[in-house]
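Student: The structure under discussion is supplied below as structure tokens; questions concerning it will follow.
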Amino acid sequence: MTLFNRITLCLVFLTVACQLVTPSKEVTSGTLDLRSFPWKTGKAIKLQGEWKFYPHTLGEMAPDASYSLLPVPSLWNDVPLRSNMIDGKGYGTYILDILLPDESQIYSLYLPEVRTSFRITAGNRVLLSGYPAEDKKTTIPSAQGQSFTFVTKDHIQIKIEVSNFHHKEGGLPNAPIFGTAETVQNYILAESTMDIALTGALFMFGLYHFILFFYRNKQREAFYFGFFCLVFAFRLPFVGSKTIYAMFPNIPWELVIYVEYASVFVLGILFLWFVDGLFPRFIETKLIRYFSAFVQFILVYGLIIKPEFYTEFEVVFQVLGIVYAVFLGIRLYQMVAKGLPDSHIFFLGYLILFFGFVYDVFLAYTGEGESSLSQIAVFLFFGVQSTIVTLRTARTVRKKILLKEEFESINEQFILTNRFYAKFIPRDFLTHLGKESIEEVKLGDSSEREMTVLFADIWEYWDIIYSIPLENRILFTNSYLGRIGPCVRKNNGFIDKYIGSAVMALFDGGIQNSIKAAEDIQWELEKYNERRRGFGYLPLHAGIGIHSGDTMLGILGEEERLESTVISDTVNLASRIQGLTKKYNARILVSLTSLMLHEDLDTIPYRILDFVRVKGKQETVMIAEVLIPGIDSISDQKIAYREQFEAAIFDYERADFNSALNGFREVHANNPEDIAAQIYIERCEYYQTAGVGEDWDGVSAWEK
């Protein structure tokens, strides 16, 4: 089987595994309604959401037993107040009630690894992984996932008793998989098959490079890479779905954890020796030997102490791993900069491996289990590096000359492309990077600073675009954008990029410049609309979102394609705020924390609009609507009744819905076009009937 076919096969397995399961978004208060779920689609369900959790309880539950709602998947360590587990050590019971169709069906339930033992009960079936108990002495840890089938209808209660005294993390890091027997078993089969396929492919990689080393024993990189592949192939059954239990059901839990941790250190040192073989003396051999001695110490020390001790240092290991990866990445980049043969291919493979490693660490840190994506990244990395070793074995002098000529040609093309690209990088962007001209810009240049980000976009853009001829679409877009740029530049800002009709602008002079630019844009748009009305065209409405914060300006891309960009949560939040303008029929929205930085805040009419949680953000964001006097009657009415509106807002936050409803109705009666008041009226009427819980915080969650 060729390398391409192996990669394709693994990607197919991954795609199939992803298509066999769909996350559940309906688990609330320990209940999930699946009576109308389309079982014929052949998909299983991840039972993720709010489960009932009884801390410090195993066995039968008292009818009046107190519980909390705990997210699944999650670790006790991440939610100590809700789990009542300070350090992840302890025990408790998860319960979920599922409503099912009236007819009997054969269902199946699969629970992956738990920290560190569990007993699962569903219907009349009970299954153990290890043995959960109320103390360390009687608890038997295990990392084995379990699955079983049962026949039921109408209703099923799933109870998972979890006990952890042997690991720093406790809880359910993986959501159970539920569905018909066929769909769940297909999901398990897809995961196991992918692990086995990856293990077999990596073993063949290792064997192939050992054979290469046998015939060319001076090629040290082939030996170390072969050893690296074999160790990784040995590691795979101990992670992920842990297929090692299929071969050795009684394997000790301590051994599984030790291999999972120790193999990472072994792979790290083998990788260094492999790099040293590919690029001799580019990394100091003395440094590699010191690291090898440290790894040997860690391996021996891990055999002596218990997993509950060295898992406490998992964060330290992860930080050291990231430091190691960053250091190695810098050295590899320096190889690319020096133009070493094959270094660019190697660096590409390393980036794949690095992001797979970071993704795995992220999932481990958030308690969301492990992913097949990181394994696929490793496999792709192996494919890239195998290509390098194979090319070096077969390369002739003539091919080296051709490779050098090709590299020089690419470099010349890169220089020409870079000069042309200077037309597209704003001069202000270069200034912030400390560059005099585009020729000085290098890949990786960056500057961190506090800036204000402004997003502006037309609400009706796509409706208009699809209603005009194709040849007029660019003309229409440029006609609008040509009015935005001067407003931004006049107020000491610059446009970073255009995204269709959307404009992203940056300001380095405080929030007041961006507010003034937003007001100028709205007035300029009003002038533009007068002209459009004269031709019988629909008027345009632009929503503007503003937020201030730390930003990272830099040059991203690779040798043949550079782009100036800004990376930060500030950009994402400004874009999300802009997306809310249409929902509230607001011209300008700005985060309240940013607005408070305005030097002349008393001169700006504004009103607090809402407490929201936008998509991709966990924390609450207070947003305010900046009002423009005289621009239209709606804005003038909003200014006139802003005190009543804000008073009703605070009543709403205190869950005083009667008082809030009266206030919003007064505002809406005097300004029927105030969409925000109408939204709050509907909310108050709903909560008057439905009520709110003790955790009411008045925050509105928007998906877009």
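By order in the structure tokens, chains are A, B, ...; within a chain, residues start at 1; ligands start at 1, following the order shown.
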Which residues, written as a PyMOL selection string, have at least one atom at most 9 Å from region 255-259 of chain A, with only C-alpha atoms counted and residues fewer than 5 positions away on the same chain left out?
Tutor: chain A and resi 142-143+235+238-239+242+244+264+299+302-303+307+311
Student: What's around Asn658 (chain A) at 8 Å? Count only C-alpha atoms, leave out sequence neighbours fewer than 3 positions away in its own chain, and write the answer as a PDB file with N, CA and C atoms, in the first residue's frame.
Tutor:
```pdb
ATOM      1  N   LEU A 661     -41.139  45.390  32.662  1.00  0.00           N
ATOM      2  CA  LEU A 661     -42.096  45.331  31.555  1.00  0.00           C
ATOM      3  C   LEU A 661     -42.809  46.668  31.387  1.00  0.00           C
ATOM      4  N   ASN A 662     -43.188  47.288  32.501  1.00  0.00           N
ATOM      5  CA  ASN A 662     -43.856  48.591  32.408  1.00  0.00           C
ATOM      6  C   ASN A 662     -42.929  49.628  31.781  1.00  0.00           C
ATOM      7  N   CYS A 684     -39.492  39.651  29.059  1.00  0.00           N
ATOM      8  CA  CYS A 684     -40.161  39.823  30.351  1.00  0.00           C
ATOM      9  C   CYS A 684     -41.458  39.020  30.396  1.00  0.00           C
ATOM     10  N   GLN A 688     -42.040  36.063  33.074  1.00  0.00           N
ATOM     11  CA  GLN A 688     -43.135  36.167  34.019  1.00  0.00           C
ATOM     12  C   GLN A 688     -43.902  34.856  34.117  1.00  0.00           C
TER      13      GLN A 688
END
```
Student: Set the distance at 7 Å and use only C-alpha atoms: which residues neighbour Ile140 (chain A) once local chain neighbours fewer than 2 positions away are removed? I'd like the list as a ChimeraX atom specification.
Tutor: /A:117,130-132,138,142
Student: Could you take the residues named above and write them with C-alpha atoms, as a PDB file, in the first residue's frame?
Tutor:
```
ATOM      1  CA  SER A 117     -13.081   3.717  37.900  1.00  0.00           C
ATOM      2  CA  GLY A 130     -12.230  -1.233  37.853  1.00  0.00           C
ATOM      3  CA  TYR A 131     -14.139  -0.966  41.112  1.00  0.00           C
ATOM      4  CA  PRO A 132     -15.466   2.359  42.476  1.00  0.00           C
ATOM      5  CA  THR A 138     -10.922  -0.405  48.257  1.00  0.00           C
ATOM      6  CA  SER A 142      -8.986   1.131  35.462  1.00  0.00           C
TER       7      SER A 142
END
```
Student: Name all residues at most 8 Å from Glu308 (chain A) (count only C-alpha atoms; drop same-chain ones fewer than 6 positions away) and give them as a ChimeraX atom specification.
Tutor: /A:165-168
Student: Those selected residues, please, written with N, CA and C atoms and delivered as a JSON list (two decimals), in the first residue's frame.
Tutor:
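This went into selection.json:
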```
[["chain", "number", "residue", "atom", "x", "y", "z"],
["A", 165, "PHE", "N", -9.20, 8.13, 43.31],
["A", 165, "PHE", "CA", -8.24, 8.42, 44.37],
["A", 165, "PHE", "C", -6.81, 8.22, 43.89],
["A", 166, "HIS", "N", -6.64, 7.92, 42.58],
["A", 166, "HIS", "CA", -5.33, 7.54, 42.06],
["A", 166, "HIS", "C", -4.81, 8.47, 40.98],
["A", 167, "HIS", "N", -5.58, 9.51, 40.64],
["A", 167, "HIS", "CA", -5.20, 10.41, 39.56],
["A", 167, "HIS", "C", -5.50, 11.83, 40.01],
["A", 168, "LYS", "N", -4.76, 12.80, 39.47],
["A", 168, "LYS", "CA", -4.99, 14.18, 39.89],
["A", 168, "LYS", "C", -6.31, 14.71, 39.36]]
```
Student: Which value, in Å to one decimal, gives the distance between CA of Ile511 (chain A) and CA of Ile623 (chain A)?
Tutor: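 Straight-line distance from CA of Ile511 (chain A) to CA of Ile623 (chain A) works out to 14.3 Å.
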Student: What is the CA of Leu348 (chain A)-CA of Tyr333 (chain A) distance in Å, reported with one decimal?
Tutor: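 So the answer is 9.9 Å.
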Student: List as a PDB file with all heavy atoms, in the first residue's frame the protein and nucleic acid residues near Lys527 (chain A), meaning an atom at most 12 Å away when only C-alpha atoms are counted, but skip any in the same chain fewer than 3 places from it.
Tutor:
```pdb
ATOM      1  N   TYR A 480     -19.600  51.713  -2.025  1.00  0.00           N
ATOM      2  CA  TYR A 480     -19.835  51.827  -0.580  1.00  0.00           C
ATOM      3  C   TYR A 480     -18.512  51.942   0.180  1.00  0.00           C
ATOM      4  O   TYR A 480     -18.339  52.822   1.036  1.00  0.00           O
ATOM      5  CB  TYR A 480     -20.633  50.612  -0.098  1.00  0.00           C
ATOM      6  CG  TYR A 480     -20.517  50.351   1.375  1.00  0.00           C
ATOM      7  CD1 TYR A 480     -21.145  51.162   2.306  1.00  0.00           C
ATOM      8  CD2 TYR A 480     -19.766  49.269   1.847  1.00  0.00           C
ATOM      9  CE1 TYR A 480     -21.028  50.921   3.668  1.00  0.00           C
ATOM     10  CE2 TYR A 480     -19.648  49.020   3.197  1.00  0.00           C
ATOM     11  CZ  TYR A 480     -20.287  49.850   4.105  1.00  0.00           C
ATOM     12  OH  TYR A 480     -20.174  49.606   5.443  1.00  0.00           O
ATOM     13  N   ARG A 483     -16.555  55.216   0.529  1.00  0.00           N
ATOM     14  CA  ARG A 483     -17.026  56.227   1.468  1.00  0.00           C
ATOM     15  C   ARG A 483     -16.598  55.919   2.900  1.00  0.00           C
ATOM     16  O   ARG A 483     -16.660  56.800   3.765  1.00  0.00           O
ATOM     17  CB  ARG A 483     -18.555  56.329   1.389  1.00  0.00           C
ATOM     18  CG  ARG A 483     -19.022  56.994   0.096  1.00  0.00           C
ATOM     19  CD  ARG A 483     -20.489  56.753  -0.179  1.00  0.00           C
ATOM     20  NE  ARG A 483     -20.951  57.594  -1.283  1.00  0.00           N
ATOM     21  CZ  ARG A 483     -20.741  57.344  -2.565  1.00  0.00           C
ATOM     22  NH1 ARG A 483     -20.052  56.268  -2.913  1.00  0.00           N
ATOM     23  NH2 ARG A 483     -21.184  58.152  -3.491  1.00  0.00           N
ATOM     24  N   ASP A 520     -19.162  59.389  11.709  1.00  0.00           N
ATOM     25  CA  ASP A 520     -18.945  59.925  10.361  1.00  0.00           C
ATOM     26  C   ASP A 520     -19.399  58.941   9.291  1.00  0.00           C
ATOM     27  O   ASP A 520     -19.953  59.342   8.254  1.00  0.00           O
ATOM     28  CB  ASP A 520     -17.465  60.256  10.174  1.00  0.00           C
ATOM     29  CG  ASP A 520     -17.023  61.461  10.998  1.00  0.00           C
ATOM     30  OD1 ASP A 520     -17.899  62.172  11.515  1.00  0.00           O
ATOM     31  OD2 ASP A 520     -15.796  61.667  11.128  1.00  0.00           O
ATOM     32  N   ILE A 521     -19.149  57.657   9.529  1.00  0.00           N
ATOM     33  CA  ILE A 521     -19.597  56.637   8.564  1.00  0.00           C
ATOM     34  C   ILE A 521     -21.115  56.668   8.430  1.00  0.00           C
ATOM     35  O   ILE A 521     -21.667  56.595   7.315  1.00  0.00           O
ATOM     36  CB  ILE A 521     -19.104  55.249   9.003  1.00  0.00           C
ATOM     37  CG1 ILE A 521     -17.584  55.138   8.853  1.00  0.00           C
ATOM     38  CG2 ILE A 521     -19.787  54.146   8.194  1.00  0.00           C
ATOM     39  CD1 ILE A 521     -16.997  53.871   9.443  1.00  0.00           C
ATOM     40  N   GLN A 522     -21.811  56.771   9.551  1.00  0.00           N
ATOM     41  CA  GLN A 522     -23.277  56.781   9.501  1.00  0.00           C
ATOM     42  C   GLN A 522     -23.796  58.020   8.774  1.00  0.00           C
ATOM     43  O   GLN A 522     -24.736  57.935   7.977  1.00  0.00           O
ATOM     44  CB  GLN A 522     -23.841  56.707  10.924  1.00  0.00           C
ATOM     45  CG  GLN A 522     -23.573  55.396  11.658  1.00  0.00           C
ATOM     46  CD  GLN A 522     -24.308  54.217  11.028  1.00  0.00           C
ATOM     47  OE1 GLN A 522     -25.183  54.382  10.181  1.00  0.00           O
ATOM     48  NE2 GLN A 522     -23.922  53.005  11.440  1.00  0.00           N
ATOM     49  N   TRP A 523     -23.186  59.189   9.046  1.00  0.00           N
ATOM     50  CA  TRP A 523     -23.615  60.393   8.335  1.00  0.00           C
ATOM     51  C   TRP A 523     -23.293  60.299   6.843  1.00  0.00           C
ATOM     52  O   TRP A 523     -24.103  60.728   6.001  1.00  0.00           O
ATOM     53  CB  TRP A 523     -22.931  61.630   8.930  1.00  0.00           C
ATOM     54  CG  TRP A 523     -23.559  62.104  10.212  1.00  0.00           C
ATOM     55  CD1 TRP A 523     -23.025  62.079  11.452  1.00  0.00           C
ATOM     56  CD2 TRP A 523     -24.863  62.676  10.358  1.00  0.00           C
ATOM     57  NE1 TRP A 523     -23.894  62.589  12.374  1.00  0.00           N
ATOM     58  CE2 TRP A 523     -25.044  62.985  11.726  1.00  0.00           C
ATOM     59  CE3 TRP A 523     -25.902  62.973   9.465  1.00  0.00           C
ATOM     60  CZ2 TRP A 523     -26.214  63.552  12.226  1.00  0.00           C
ATOM     61  CZ3 TRP A 523     -27.067  63.544   9.956  1.00  0.00           C
ATOM     62  CH2 TRP A 523     -27.219  63.827  11.321  1.00  0.00           C
ATOM     63  N   GLU A 524     -22.118  59.740   6.504  1.00  0.00           N
ATOM     64  CA  GLU A 524     -21.756  59.585   5.095  1.00  0.00           C
ATOM     65  C   GLU A 524     -22.719  58.638   4.398  1.00  0.00           C
ATOM     66  O   GLU A 524     -23.079  58.841   3.233  1.00  0.00           O
ATOM     67  CB  GLU A 524     -20.322  59.056   4.996  1.00  0.00           C
ATOM     68  CG  GLU A 524     -19.779  58.979   3.580  1.00  0.00           C
ATOM     69  CD  GLU A 524     -19.628  60.350   2.930  1.00  0.00           C
ATOM     70  OE1 GLU A 524     -19.434  61.340   3.655  1.00  0.00           O
ATOM     71  OE2 GLU A 524     -19.743  60.424   1.687  1.00  0.00           O
ATOM     72  N   GLU A 530     -29.396  59.324   0.197  1.00  0.00           N
ATOM     73  CA  GLU A 530     -30.154  60.346  -0.530  1.00  0.00           C
ATOM     74  C   GLU A 530     -29.943  60.202  -2.028  1.00  0.00           C
ATOM     75  O   GLU A 530     -30.883  60.318  -2.829  1.00  0.00           O
ATOM     76  CB  GLU A 530     -29.721  61.734  -0.061  1.00  0.00           C
ATOM     77  CG  GLU A 530     -30.123  62.064   1.363  1.00  0.00           C
ATOM     78  CD  GLU A 530     -29.693  63.462   1.762  1.00  0.00           C
ATOM     79  OE1 GLU A 530     -29.212  64.207   0.865  1.00  0.00           O
ATOM     80  OE2 GLU A 530     -29.832  63.812   2.946  1.00  0.00           O
ATOM     81  N   ARG A 531     -28.703  59.938  -2.403  1.00  0.00           N
ATOM     82  CA  ARG A 531     -28.408  59.739  -3.827  1.00  0.00           C
ATOM     83  C   ARG A 531     -29.069  58.467  -4.346  1.00  0.00           C
ATOM     84  O   ARG A 531     -29.617  58.455  -5.458  1.00  0.00           O
ATOM     85  CB  ARG A 531     -26.901  59.674  -4.024  1.00  0.00           C
ATOM     86  CG  ARG A 531     -26.481  59.461  -5.468  1.00  0.00           C
ATOM     87  CD  ARG A 531     -24.979  59.320  -5.565  1.00  0.00           C
ATOM     88  NE  ARG A 531     -24.567  58.990  -6.919  1.00  0.00           N
ATOM     89  CZ  ARG A 531     -23.339  58.641  -7.267  1.00  0.00           C
ATOM     90  NH1 ARG A 531     -22.388  58.617  -6.343  1.00  0.00           N
ATOM     91  NH2 ARG A 531     -23.046  58.349  -8.519  1.00  0.00           N
ATOM     92  N   ARG A 532     -29.051  57.398  -3.573  1.00  0.00           N
ATOM     93  CA  ARG A 532     -29.659  56.140  -4.000  1.00  0.00           C
ATOM     94  C   ARG A 532     -31.175  56.290  -4.159  1.00  0.00           C
ATOM     95  O   ARG A 532     -31.761  55.743  -5.090  1.00  0.00           O
ATOM     96  CB  ARG A 532     -29.342  55.034  -2.981  1.00  0.00           C
ATOM     97  CG  ARG A 532     -27.880  54.592  -2.992  1.00  0.00           C
ATOM     98  CD  ARG A 532     -27.634  53.481  -1.972  1.00  0.00           C
ATOM     99  NE  ARG A 532     -28.468  52.310  -2.233  1.00  0.00           N
ATOM    100  CZ  ARG A 532     -28.180  51.357  -3.111  1.00  0.00           C
ATOM    101  NH1 ARG A 532     -27.066  51.441  -3.839  1.00  0.00           N
ATOM    102  NH2 ARG A 532     -28.984  50.330  -3.279  1.00  0.00           N
ATOM    103  N   ARG A 533     -31.787  57.025  -3.237  1.00  0.00           N
ATOM    104  CA  ARG A 533     -33.234  57.231  -3.355  1.00  0.00           C
ATOM    105  C   ARG A 533     -33.572  57.993  -4.632  1.00  0.00           C
ATOM    106  O   ARG A 533     -34.624  57.766  -5.248  1.00  0.00           O
ATOM    107  CB  ARG A 533     -33.745  57.986  -2.136  1.00  0.00           C
ATOM    108  CG  ARG A 533     -33.685  57.185  -0.838  1.00  0.00           C
ATOM    109  CD  ARG A 533     -34.389  57.941   0.296  1.00  0.00           C
ATOM    110  NE  ARG A 533     -34.225  57.248   1.555  1.00  0.00           N
ATOM    111  CZ  ARG A 533     -33.308  57.547   2.456  1.00  0.00           C
ATOM    112  NH1 ARG A 533     -32.447  58.544   2.219  1.00  0.00           N
ATOM    113  NH2 ARG A 533     -33.233  56.873   3.581  1.00  0.00           N
ATOM    114  N   GLY A 534     -32.675  58.913  -5.037  1.00  0.00           N
ATOM    115  CA  GLY A 534     -32.911  59.657  -6.269  1.00  0.00           C
ATOM    116  C   GLY A 534     -32.938  58.771  -7.493  1.00  0.00           C
ATOM    117  O   GLY A 534     -33.606  59.084  -8.483  1.00  0.00           O
ATOM    118  N   PRO A 539     -32.347  52.119   0.293  1.00  0.00           N
ATOM    119  CA  PRO A 539     -31.309  52.697   1.169  1.00  0.00           C
ATOM    120  C   PRO A 539     -30.517  51.594   1.871  1.00  0.00           C
ATOM    121  O   PRO A 539     -30.989  50.463   2.020  1.00  0.00           O
ATOM    122  CB  PRO A 539     -32.118  53.526   2.173  1.00  0.00           C
ATOM    123  CG  PRO A 539     -33.467  52.861   2.209  1.00  0.00           C
ATOM    124  CD  PRO A 539     -33.710  52.345   0.807  1.00  0.00           C
ATOM    125  N   LEU A 540     -29.314  51.942   2.300  1.00  0.00           N
ATOM    126  CA  LEU A 540     -28.440  50.994   2.989  1.00  0.00           C
ATOM    127  C   LEU A 540     -28.393  51.303   4.477  1.00  0.00           C
ATOM    128  O   LEU A 540     -28.503  52.465   4.893  1.00  0.00           O
ATOM    129  CB  LEU A 540     -27.017  51.063   2.419  1.00  0.00           C
ATOM    130  CG  LEU A 540     -26.864  50.833   0.917  1.00  0.00           C
ATOM    131  CD1 LEU A 540     -25.389  50.959   0.535  1.00  0.00           C
ATOM    132  CD2 LEU A 540     -27.411  49.478   0.530  1.00  0.00           C
ATOM    133  N   HIS A 541     -28.218  50.249   5.272  1.00  0.00           N
ATOM    134  CA  HIS A 541     -28.053  50.403   6.711  1.00  0.00           C
ATOM    135  C   HIS A 541     -26.796  49.642   7.122  1.00  0.00           C
ATOM    136  O   HIS A 541     -26.642  48.471   6.785  1.00  0.00           O
ATOM    137  CB  HIS A 541     -29.262  49.857   7.474  1.00  0.00           C
ATOM    138  CG  HIS A 541     -30.542  50.533   7.119  1.00  0.00           C
ATOM    139  ND1 HIS A 541     -31.306  50.140   6.022  1.00  0.00           N
ATOM    140  CD2 HIS A 541     -31.186  51.590   7.682  1.00  0.00           C
ATOM    141  CE1 HIS A 541     -32.375  50.906   5.946  1.00  0.00           C
ATOM    142  NE2 HIS A 541     -32.334  51.798   6.935  1.00  0.00           N
ATOM    143  N   ILE A 631     -29.838  62.217  13.422  1.00  0.00           N
ATOM    144  CA  ILE A 631     -29.638  61.419  12.216  1.00  0.00           C
ATOM    145  C   ILE A 631     -30.949  60.817  11.725  1.00  0.00           C
ATOM    146  O   ILE A 631     -31.151  60.621  10.536  1.00  0.00           O
ATOM    147  CB  ILE A 631     -28.571  60.334  12.450  1.00  0.00           C
ATOM    148  CG1 ILE A 631     -28.070  59.810  11.099  1.00  0.00           C
ATOM    149  CG2 ILE A 631     -29.097  59.202  13.323  1.00  0.00           C
ATOM    150  CD1 ILE A 631     -26.811  58.973  11.202  1.00  0.00           C
TER     151      ILE A 631
END
```
Student: Could you pull out the helix (DSSP H, G or I) residues of region 171-298 of chain A from DSSP and send them as a PyMOL selection string?
Tutor: chain A and resi 181-215+220-238+244-247+253-278+285-298
Student: Find the residues around Gly123 (chain A) up to 10 Å (only C-alpha atoms counted), leave out those fewer than 3 positions away in its own chain, and share them as an NGL selection string.
Tutor: :A and (126 or 150-152 or 155-159)
Student: Report as a ChimeraX atom specification: the residues of region 561-626 of chain A with a DSSP assignment of strand (DSSP E), based on the backbone of this structure.
Tutor: /A:561-567,588-591,606-613,621-626
Student: Put those residues in a file: N, CA and C atoms, as an mmCIF file, in the first residue's frame.
Tutor:
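Resulting contents of again-v4.cif:
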```cif
data_model
loop_
_atom_site.group_PDB
_atom_site.id
_atom_site.type_symbol
_atom_site.label_atom_id
_atom_site.label_comp_id
_atom_site.auth_asym_id
_atom_site.auth_seq_id
_atom_site.Cartn_x
_atom_site.Cartn_y
_atom_site.Cartn_z
ATOM 1 N N ARG A 561 3.737 33.367 0.286
ATOM 2 C CA ARG A 561 2.464 34.087 0.478
ATOM 3 C C ARG A 561 2.441 34.725 1.861
ATOM 4 N N LEU A 562 2.544 36.051 1.909
ATOM 5 C CA LEU A 562 2.531 36.785 3.162
ATOM 6 C C LEU A 562 1.231 37.566 3.277
ATOM 7 N N GLU A 563 0.836 37.811 4.501
ATOM 8 C CA GLU A 563 -0.360 38.617 4.739
ATOM 9 C C GLU A 563 -0.225 39.316 6.082
ATOM 10 N N SER A 564 -0.567 40.605 6.089
ATOM 11 C CA SER A 564 -0.616 41.320 7.359
ATOM 12 C C SER A 564 -1.935 40.995 8.040
ATOM 13 N N THR A 565 -1.897 40.807 9.338
ATOM 14 C CA THR A 565 -3.115 40.422 10.038
ATOM 15 C C THR A 565 -3.039 40.851 11.490
ATOM 16 N N VAL A 566 -4.163 40.787 12.156
ATOM 17 C CA VAL A 566 -4.264 41.084 13.581
ATOM 18 C C VAL A 566 -4.920 39.887 14.249
ATOM 19 N N ILE A 567 -4.278 39.368 15.279
ATOM 20 C CA ILE A 567 -4.787 38.198 15.981
ATOM 21 C C ILE A 567 -5.028 38.570 17.437
ATOM 22 N N ILE A 588 -24.663 51.734 16.032
ATOM 23 C CA ILE A 588 -23.318 51.588 16.605
ATOM 24 C C ILE A 588 -23.440 50.883 17.947
ATOM 25 N N LEU A 589 -22.721 49.770 18.098
ATOM 26 C CA LEU A 589 -22.637 49.061 19.373
ATOM 27 C C LEU A 589 -21.176 49.012 19.804
ATOM 28 N N VAL A 590 -20.955 49.197 21.095
ATOM 29 C CA VAL A 590 -19.590 49.178 21.625
ATOM 30 C C VAL A 590 -19.623 48.505 22.987
ATOM 31 N N SER A 591 -18.575 47.743 23.300
ATOM 32 C CA SER A 591 -18.496 47.144 24.629
ATOM 33 C C SER A 591 -18.399 48.251 25.668
ATOM 34 N N TYR A 606 -25.504 57.802 24.801
ATOM 35 C CA TYR A 606 -25.476 56.344 24.693
ATOM 36 C C TYR A 606 -26.427 55.761 25.718
ATOM 37 N N ARG A 607 -26.733 54.502 25.523
ATOM 38 C CA ARG A 607 -27.547 53.801 26.523
ATOM 39 C C ARG A 607 -27.039 52.373 26.665
ATOM 40 N N ILE A 608 -27.035 51.878 27.896
ATOM 41 C CA ILE A 608 -26.687 50.470 28.136
ATOM 42 C C ILE A 608 -27.752 49.607 27.472
ATOM 43 N N LEU A 609 -27.324 48.669 26.665
ATOM 44 C CA LEU A 609 -28.277 47.918 25.851
ATOM 45 C C LEU A 609 -28.539 46.515 26.374
ATOM 46 N N ASP A 610 -27.476 45.778 26.735
ATOM 47 C CA ASP A 610 -27.711 44.382 27.125
ATOM 48 C C ASP A 610 -26.457 43.813 27.765
ATOM 49 N N PHE A 611 -26.638 42.721 28.483
ATOM 50 C CA PHE A 611 -25.543 41.909 29.010
ATOM 51 C C PHE A 611 -25.570 40.615 28.211
ATOM 52 N N VAL A 612 -24.573 40.378 27.381
ATOM 53 C CA VAL A 612 -24.641 39.275 26.428
ATOM 54 C C VAL A 612 -23.445 38.350 26.581
ATOM 55 N N ARG A 613 -23.630 37.158 26.063
ATOM 56 C CA ARG A 613 -22.539 36.193 25.931
ATOM 57 C C ARG A 613 -22.559 35.749 24.472
ATOM 58 N N VAL A 621 -20.357 40.084 28.400
ATOM 59 C CA VAL A 621 -19.933 41.351 27.812
ATOM 60 C C VAL A 621 -21.106 42.323 27.901
ATOM 61 N N MET A 622 -20.874 43.481 28.504
ATOM 62 C CA MET A 622 -21.891 44.533 28.553
ATOM 63 C C MET A 622 -21.722 45.406 27.305
ATOM 64 N N ILE A 623 -22.802 45.584 26.567
ATOM 65 C CA ILE A 623 -22.727 46.383 25.352
ATOM 66 C C ILE A 623 -23.614 47.617 25.501
ATOM 67 N N ALA A 624 -23.172 48.683 24.872
ATOM 68 C CA ALA A 624 -23.914 49.938 24.878
ATOM 69 C C ALA A 624 -24.164 50.368 23.437
ATOM 70 N N GLU A 625 -25.249 51.098 23.254
ATOM 71 C CA GLU A 625 -25.591 51.628 21.935
ATOM 72 C C GLU A 625 -25.257 53.111 21.906
ATOM 73 N N VAL A 626 -24.367 53.500 21.010
ATOM 74 C CA VAL A 626 -24.027 54.914 20.835
ATOM 75 C C VAL A 626 -25.068 55.534 19.907
#
```
Student: Just how far from CA of Gly543 (chain A) is CA of Gly500 (chain A), in Å to one decimal?
Tutor: 14.4 Å
